[in-house]
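One file, entry_6.txt, carrying compact mmCIF, C-alpha atoms and all ligand atoms:
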# COMPACT_ATOMS: atom_id res chain seq x y z
CA MET A 1038 -11.25 8.65 19.55
CA LEU A 1039 -12.49 5.29 18.32
CA VAL A 1040 -10.04 2.44 17.68
CA ILE A 1041 -11.46 -0.27 15.44
CA LEU A 1042 -9.43 -3.48 15.49
CA LYS A 1043 -9.70 -5.86 12.56
CA ARG A 1044 -8.11 -9.27 12.11
CA ASP A 1045 -6.18 -8.59 8.94
CA ASN A 1046 -5.35 -6.07 6.31
CA GLU A 1047 -8.24 -7.11 4.06
CA GLU A 1048 -10.86 -6.69 6.79
CA ALA A 1049 -9.38 -3.34 7.79
CA ASN A 1050 -9.46 -2.09 4.19
CA GLU A 1051 -13.01 -3.25 3.72
CA HIS A 1052 -14.17 -1.65 6.95
CA ALA A 1053 -12.55 1.68 6.11
CA ALA A 1054 -14.18 1.56 2.66
CA GLN A 1055 -17.56 0.89 4.26
CA LEU A 1056 -17.13 3.89 6.58
CA ILE A 1057 -16.39 6.14 3.60
CA ALA A 1058 -19.28 4.66 1.60
CA GLY A 1059 -21.61 5.25 4.57
CA ALA A 1060 -20.51 8.89 4.79
CA ILE A 1061 -21.16 9.40 1.05
CA LYS A 1062 -24.60 7.79 1.28
CA LYS A 1063 -25.44 10.07 4.20
CA LYS A 1064 -24.12 13.15 2.38
CA PRO A 1065 -23.79 12.69 -1.41
CA SER A 1066 -21.99 16.05 -1.68
CA LEU A 1067 -19.32 14.97 0.81
CA THR A 1068 -16.01 16.81 0.79
CA LEU A 1069 -13.51 13.99 1.12
CA GLY A 1070 -9.83 14.36 1.95
CA LEU A 1071 -7.77 11.64 0.27
CA ALA A 1072 -4.43 10.01 0.96
CA THR A 1073 -1.87 8.00 -1.01
CA GLY A 1074 0.62 5.24 -0.18
CA ASN A 1075 0.60 1.48 -0.28
CA THR A 1076 -1.91 1.18 2.54
CA MET A 1077 -4.53 2.96 0.47
CA LEU A 1078 -4.39 0.54 -2.46
CA GLY A 1079 -6.64 -2.08 -0.87
CA LEU A 1080 -9.05 0.55 0.39
CA TYR A 1081 -9.38 2.14 -3.06
CA ARG A 1082 -9.94 -1.32 -4.56
CA HIS A 1083 -12.88 -1.81 -2.19
CA LEU A 1084 -14.31 1.63 -2.97
CA VAL A 1085 -14.08 0.91 -6.70
CA ARG A 1086 -15.87 -2.42 -6.13
CA LEU A 1087 -18.60 -0.66 -4.15
CA HIS A 1088 -18.97 1.83 -6.98
CA GLN A 1089 -19.23 -0.87 -9.61
CA SER A 1090 -21.53 -3.20 -7.70
CA GLY A 1091 -23.46 -0.74 -5.48
CA PRO A 1092 -23.42 1.52 -7.22
CA LEU A 1093 -21.76 3.91 -4.83
CA ASP A 1094 -22.19 7.30 -6.48
CA PHE A 1095 -19.27 9.73 -6.36
CA SER A 1096 -20.78 12.30 -8.72
CA GLY A 1097 -21.47 14.80 -5.93
CA VAL A 1098 -18.25 14.15 -4.00
CA VAL A 1099 -15.51 16.80 -3.90
CA THR A 1100 -12.00 15.54 -3.15
CA PHE A 1101 -8.84 17.15 -1.81
CA ASN A 1102 -5.60 15.20 -1.67
CA LEU A 1103 -3.20 15.74 1.19
CA ASP A 1104 0.09 16.07 -0.59
CA GLU A 1105 2.32 15.78 -3.65
CA TYR A 1106 6.05 15.61 -4.47
CA LEU A 1107 7.35 19.01 -5.44
CA GLY A 1108 9.05 18.89 -8.84
CA LEU A 1109 7.05 15.97 -10.22
CA PRO A 1110 4.57 16.96 -12.92
CA ALA A 1111 1.11 15.35 -12.85
CA SER A 1112 2.12 13.11 -15.74
CA HIS A 1113 5.07 11.58 -13.86
CA PRO A 1114 4.34 7.92 -13.08
CA GLN A 1115 5.41 8.35 -9.45
CA SER A 1116 3.40 11.50 -8.82
CA TYR A 1117 0.45 11.30 -6.49
CA HIS A 1118 -1.66 12.67 -9.38
CA HIS A 1119 -0.80 9.54 -11.31
CA PHE A 1120 -1.35 7.31 -8.27
CA MET A 1121 -4.82 8.73 -7.66
CA HIS A 1122 -5.95 8.51 -11.27
CA GLU A 1123 -4.53 5.04 -11.74
CA HIS A 1124 -5.87 3.48 -8.54
CA PHE A 1125 -9.06 5.42 -7.96
CA PHE A 1126 -10.34 8.27 -10.09
CA ARG A 1127 -10.36 6.52 -13.46
CA HIS A 1128 -12.50 3.72 -11.99
CA VAL A 1129 -15.19 5.84 -10.31
CA ASN A 1130 -17.39 8.78 -11.24
CA VAL A 1131 -15.79 11.66 -9.33
CA LEU A 1132 -16.15 14.64 -11.66
CA GLU A 1133 -12.82 15.98 -12.93
CA ARG A 1134 -13.72 19.49 -11.76
CA ASN A 1135 -14.25 18.18 -8.21
CA ILE A 1136 -10.76 16.66 -7.93
CA HIS A 1137 -8.08 18.68 -6.14
CA ILE A 1138 -4.50 17.47 -5.78
CA PRO A 1139 -1.63 19.80 -4.85
CA ASP A 1140 0.30 20.76 -7.99
CA GLY A 1141 3.86 19.46 -7.78
CA SER A 1142 4.94 21.47 -10.82
CA ILE A 1143 4.33 24.93 -9.36
CA ARG A 1144 7.20 27.40 -9.23
CA GLY A 1145 7.57 30.76 -7.59
CA ASP A 1146 5.15 31.95 -4.98
CA TYR A 1147 4.62 28.71 -3.06
CA ASP A 1148 2.97 30.47 -0.12
CA ALA A 1149 0.33 31.97 -2.39
CA TYR A 1150 -0.31 28.58 -3.98
CA CYS A 1151 -0.68 26.89 -0.58
CA ALA A 1152 -3.02 29.64 0.61
CA SER A 1153 -5.13 29.19 -2.53
CA TYR A 1154 -5.40 25.42 -1.94
CA GLU A 1155 -6.57 26.03 1.61
CA GLN A 1156 -8.99 28.67 0.32
CA ALA A 1157 -10.43 26.11 -2.12
CA ILE A 1158 -11.02 23.73 0.82
CA ARG A 1159 -12.88 26.49 2.69
CA ALA A 1160 -14.87 27.40 -0.44
CA ALA A 1161 -15.98 23.77 -0.67
CA GLY A 1162 -17.33 24.05 2.88
CA GLY A 1163 -14.34 22.43 4.61
CA ILE A 1164 -13.40 18.77 4.62
CA ASP A 1165 -16.15 16.50 5.99
CA LEU A 1166 -14.05 13.36 6.18
CA GLN A 1167 -10.26 13.21 5.95
CA LEU A 1168 -8.66 9.88 5.16
CA LEU A 1169 -5.12 9.37 6.48
CA GLY A 1170 -2.37 6.79 6.37
CA ILE A 1171 0.64 7.00 8.65
CA GLY A 1172 4.37 6.86 8.09
CA ARG A 1173 6.66 4.65 10.20
CA ASN A 1174 7.84 7.78 11.99
CA GLY A 1175 4.25 8.85 12.72
CA HIS A 1176 3.92 11.37 9.89
CA ILE A 1177 0.52 12.21 8.42
CA GLY A 1178 0.39 13.79 4.97
CA PHE A 1179 4.06 14.68 4.67
CA ASN A 1180 4.22 16.30 8.10
CA GLU A 1181 7.51 14.87 9.20
CA PRO A 1182 8.59 14.79 12.87
CA THR A 1183 9.03 18.30 14.35
CA SER A 1184 6.23 19.70 12.19
CA SER A 1185 4.28 22.27 14.14
CA LEU A 1186 1.02 20.81 15.38
CA ALA A 1187 -0.63 24.01 14.12
CA SER A 1188 1.07 23.91 10.70
CA ARG A 1189 -0.76 24.91 7.53
CA MET A 1190 -0.26 23.80 3.95
CA ARG A 1191 3.35 24.38 2.98
CA LEU A 1192 6.49 22.86 1.50
CA LYS A 1193 8.07 20.19 3.63
CA VAL A 1194 11.43 18.44 3.25
CA LEU A 1195 11.32 14.66 3.65
CA SER A 1196 13.20 12.81 6.39
CA ARG A 1197 15.74 10.12 5.51
CA GLU A 1198 13.37 7.41 6.80
CA THR A 1199 10.48 8.53 4.60
CA LEU A 1200 12.78 8.87 1.59
CA ASP A 1201 13.90 5.27 2.10
CA ASP A 1202 10.33 4.02 2.63
CA ASN A 1203 8.94 5.79 -0.41
CA SER A 1204 11.79 4.97 -2.76
CA LYS A 1205 10.29 1.44 -3.07
CA PHE A 1206 7.76 2.95 -5.48
CA PHE A 1207 10.50 4.06 -7.84
CA GLY A 1208 12.10 1.53 -10.17
CA PRO A 1209 15.87 1.02 -10.53
CA GLY A 1210 17.44 4.02 -12.20
CA GLU A 1211 14.14 5.88 -12.13
CA GLU A 1212 14.09 9.49 -11.05
CA GLY A 1213 12.90 9.07 -7.48
CA PRO A 1214 11.98 11.05 -4.42
CA ARG A 1215 15.69 11.53 -3.79
CA CYS A 1216 15.40 14.16 -6.54
CA ALA A 1217 12.07 15.33 -5.24
CA ILE A 1218 12.93 15.51 -1.58
CA THR A 1219 10.57 18.37 -0.98
CA THR A 1220 6.84 17.95 -0.90
CA ILE A 1221 3.79 20.14 -0.71
CA THR A 1222 1.46 19.04 2.07
CA MET A 1223 -1.55 20.03 4.06
CA GLY A 1224 -0.36 20.99 7.56
CA ILE A 1225 -1.39 19.29 10.78
CA GLY A 1226 -3.55 22.33 11.58
CA THR A 1227 -5.22 21.98 8.17
CA ILE A 1228 -5.90 18.28 8.78
CA LEU A 1229 -7.32 18.90 12.25
CA GLU A 1230 -9.95 21.21 10.76
CA ALA A 1231 -11.67 18.27 9.02
CA ARG A 1232 -14.97 17.39 10.68
CA LYS A 1233 -14.11 13.71 10.85
CA ILE A 1234 -10.80 11.89 10.45
CA LEU A 1235 -10.28 8.26 9.48
CA LEU A 1236 -6.78 6.84 9.81
CA LEU A 1237 -6.09 3.44 8.27
CA ALA A 1238 -2.94 1.54 9.27
CA THR A 1239 -2.04 -2.03 8.44
CA GLY A 1240 1.06 -4.15 8.95
CA ALA A 1241 3.66 -4.59 11.68
CA SER A 1242 5.88 -1.77 10.39
CA LYS A 1243 3.26 0.72 11.64
CA ALA A 1244 2.83 -0.78 15.14
CA ALA A 1245 5.25 1.53 16.97
CA ALA A 1246 3.94 4.68 15.28
CA ILE A 1247 0.35 3.66 16.03
CA ALA A 1248 1.05 2.99 19.72
CA LYS A 1249 2.80 6.35 20.09
CA SER A 1250 0.04 8.18 18.22
CA ILE A 1251 -2.84 6.74 20.21
CA GLU A 1252 -1.35 6.16 23.65
CA GLY A 1253 1.77 8.32 23.76
CA PRO A 1254 2.09 11.98 24.65
CA ILE A 1255 1.04 14.64 22.14
CA THR A 1256 4.32 15.69 20.60
CA CYS A 1257 5.71 17.19 17.42
CA ALA A 1258 8.05 14.15 17.35
CA VAL A 1259 5.01 12.05 16.31
CA SER A 1260 2.75 14.12 14.07
CA ALA A 1261 -0.20 11.72 14.30
CA SER A 1262 -0.31 12.17 18.09
CA ALA A 1263 -1.95 15.54 17.33
CA LEU A 1264 -5.04 13.55 16.34
CA GLN A 1265 -5.68 13.08 20.08
CA LEU A 1266 -6.83 16.71 20.00
CA HIS A 1267 -9.54 15.99 17.43
CA PRO A 1268 -13.08 15.29 18.63
CA ASP A 1269 -14.03 12.76 15.94
CA VAL A 1270 -11.17 10.52 14.86
CA THR A 1271 -11.40 6.82 14.03
CA PHE A 1272 -8.40 4.53 13.68
CA VAL A 1273 -8.97 1.36 11.65
CA LEU A 1274 -6.15 -1.08 12.34
CA ASP A 1275 -5.31 -4.66 11.55
CA GLU A 1276 -3.80 -6.89 14.24
CA PRO A 1277 -0.15 -6.38 13.29
CA ALA A 1278 -0.54 -2.58 13.30
CA ALA A 1279 -2.31 -2.72 16.68
CA ALA A 1280 0.21 -5.10 18.24
CA GLN A 1281 1.99 -2.54 20.44
CA LEU A 1282 -1.14 -0.91 21.86
CA ALA A 1283 -1.36 -1.47 25.62
CA GLU A 1284 -5.15 -1.01 25.82
CA ARG A 1285 -6.34 -3.46 23.17
CA ASP A 1286 -8.85 -5.14 25.50
CA TYR A 1287 -10.35 -1.80 26.38
CA TYR A 1288 -10.75 -0.86 22.69
CA HIS A 1289 -12.56 -4.16 22.10
CA ARG A 1290 -14.98 -3.38 24.94
CA VAL A 1291 -15.57 0.14 23.63
CA LEU A 1292 -16.34 -1.38 20.22
CA GLN A 1293 -18.96 -3.66 21.72
CA MET A 1294 -20.66 -0.71 23.44
CA THR A 1295 -20.41 1.45 20.32
CA ALA A 1296 -22.11 -1.33 18.34
CA LEU A 1297 -25.00 -1.18 20.81
CA LEU A 1298 -25.26 2.55 21.36
CA THR A 1299 -24.16 4.24 18.11
CA PRO A 1300 -23.92 1.49 15.47
CA ASP A 1301 -23.71 3.99 12.60
CA ARG A 1302 -20.26 5.07 13.89
CA LEU A 1303 -19.07 1.61 12.87
C1 LIG A 1401 3.48 8.86 2.31
C2 LIG A 1401 2.22 9.70 2.27
C3 LIG A 1401 1.39 9.49 3.52
C4 LIG A 1401 1.22 8.02 3.78
C5 LIG A 1401 2.57 7.39 4.01
C6 LIG A 1401 2.50 5.91 4.34
O1 LIG A 1401 4.49 9.45 3.04
N1 LIG A 1401 2.49 11.08 2.12
O2 LIG A 1401 0.13 10.14 3.35
O3 LIG A 1401 0.41 7.83 4.93
O4 LIG A 1401 3.30 7.55 2.80
O5 LIG A 1401 2.61 5.15 3.18
P1 LIG A 1401 2.44 3.58 3.09
O6 LIG A 1401 0.98 3.33 3.19
O7 LIG A 1401 3.00 3.25 1.75
O8 LIG A 1401 3.19 2.99 4.22
So, in terms of structure tokens, how does the structure I just supplied come out?
Ligand code: GLP
Amino acid sequence: MLVILKRDNEEANEHAAQLIAGAIKKKPSLTLGLATGNTMLGLYRHLVRLHQSGPLDFSGVVTFNLDEYLGLPASHPQSYHHFMHEHFFRHVNVLERNIHIPDGSIRGDYDAYCASYEQAIRAAGGIDLQLLGIGRNGHIGFNEPTSSLASRMRLKVLSRETLDDNSKFFGPGEEGPRCAITTITMGIGTILEARKILLLATGASKAAAIAKSIEGPITCAVSASALQLHPDVTFVLDEPAAAQLAERDYYHRVLQMTALLTPDRL
């Protein structure tokens, strides 16, 4: 596990974008797992800038999003389909056929749909790099507390805390996640199969979840603590998000050694 500490939100976003850009340059046909949420906005802005100025070429990249609200069609302004197109896909050259986002409008055999999404990930060779944010309660994707650490893609009901957090995206009177309280999400077991994982967290509201995930016990009460089981996970944090970590000095020293020994990890 590598913990990269950055001064502020902007530096953290830029660093995470550079790590993704580096992975794409190394492997132009990268299979990239993508995440949504406020935290990702700055990161996607940087990736778009790298595409426009670089140019960073996404034409060989295959993407799989983590999750979607069940019951929201792709056209709904609060769907993660809309979020991804608005903030990322329409600005870069990922081919439409290479974009995969769970379909929130499916009905009927949900298990079969989830199995087919996982099968598509396998058919693409598995996820090379999975990008993650984190919820205040430590959720990754929509794996709320008490999710099995071996869980697969499935429907998942949102907790009260996540409903409150995510309702900020919905305008007054707008049909919100209160009506779409179930989601379709990659499981923790699915996420852990990615070859590399990059978790980006910024802001003081994430400090407790980050400390528990990195330094606390592995527990289904904090889904992101399962990342301790993964052999290649990098956390990119700004100072407020890192504030409750007990071992900050140690992470700084590890970073100095990493810069000397394996600079391409940074
Ligand atoms: C949602 C998403 C998560 C994301 C989390 C944090 O619940 N499903 O993937 O990490 O929100 O969002 P934010 O960055 O807005 O705090």
Quick one: residues within 9 Å of region 1226-1230 of chain A, all atoms listed in the file, excluding same-chain residues fewer than 3 positions away - as an MDAnalysis selection string?
chainID A and resid 1070 1103 1155 1163:1164 1167 1177:1178 1185:1190 1223 1233:1234 1263:1264 1266:1267
Let me have the centre and edge lengths in Å, one decimal, of the box along x, y and z around every listed atom of ligand LIG 1401 (chain A) with 4 Å of margin on each side, as JSON.
{"center_x": 2.3, "center_y": 7.0, "center_z": 3.3, "size_x": 12.4, "size_y": 16.1, "size_z": 11.2}
Could you please extract the residues within 8 Å of ligand LIG 1401 (chain A), counting only C-alpha atoms and all ligand atoms, and hand them back as a ChimeraX atom specification?
/A:1072-1077,1103-1105,1169-1173,1176-1179,1199,1202-1203,1238,1243
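The space between CA of Ala1283 (chain A) and CA of Ser1250 (chain A) spans 12.2 Å.
Between CA of Val1099 (chain A) and CA of Ser1066 (chain A) lies a distance of 6.9 Å.
The coordinates place CA of Tyr1081 (chain A) at 6.6 Å from CA of His1124 (chain A).
The nearest approach to Lys1249 (chain A) among the residues A:Thr1295, A:Asn1180, A:Asn1174, A:Thr1100, with all atoms listed in the file taken into account, belongs to A:Asn1174.
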Of the candidates A:Val1098, A:Leu1298, A:Ile1221, A:Leu1274, which shows the shortest atom-to-atom distance to Thr1239 (chain A), using all atoms listed in the file?
A:Leu1274
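Of the listed residues (A:Glu1252, A:Arg1191, A:Glu1048, A:Ser1090), A:Glu1252 comes nearest to Gln1265 (chain A); the distances count only C-alpha atoms.
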Contacts of Gly1240 (chain A) within 7 Å, all atoms listed in the file, excl. fewer than 5 positions in-chain, as a list in words
Asp1275, Pro1277 and Ala1278 of chain A
Prev. selection, C-alpha atoms, output as a PDB file, in the frame of the given file:
ATOM      1  CA  ASP A1275      -5.310  -4.660  11.550  1.00  0.00           C
ATOM      2  CA  PRO A1277      -0.150  -6.380  13.290  1.00  0.00           C
ATOM      3  CA  ALA A1278      -0.540  -2.580  13.300  1.00  0.00           C
TER       4      ALA A1278
END
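Of the listed residues (A:Asp1165, A:Asp1045, A:Asp1094, A:Glu1123), A:Glu1123 comes nearest to Arg1082 (chain A); the distances count all atoms listed in the file.
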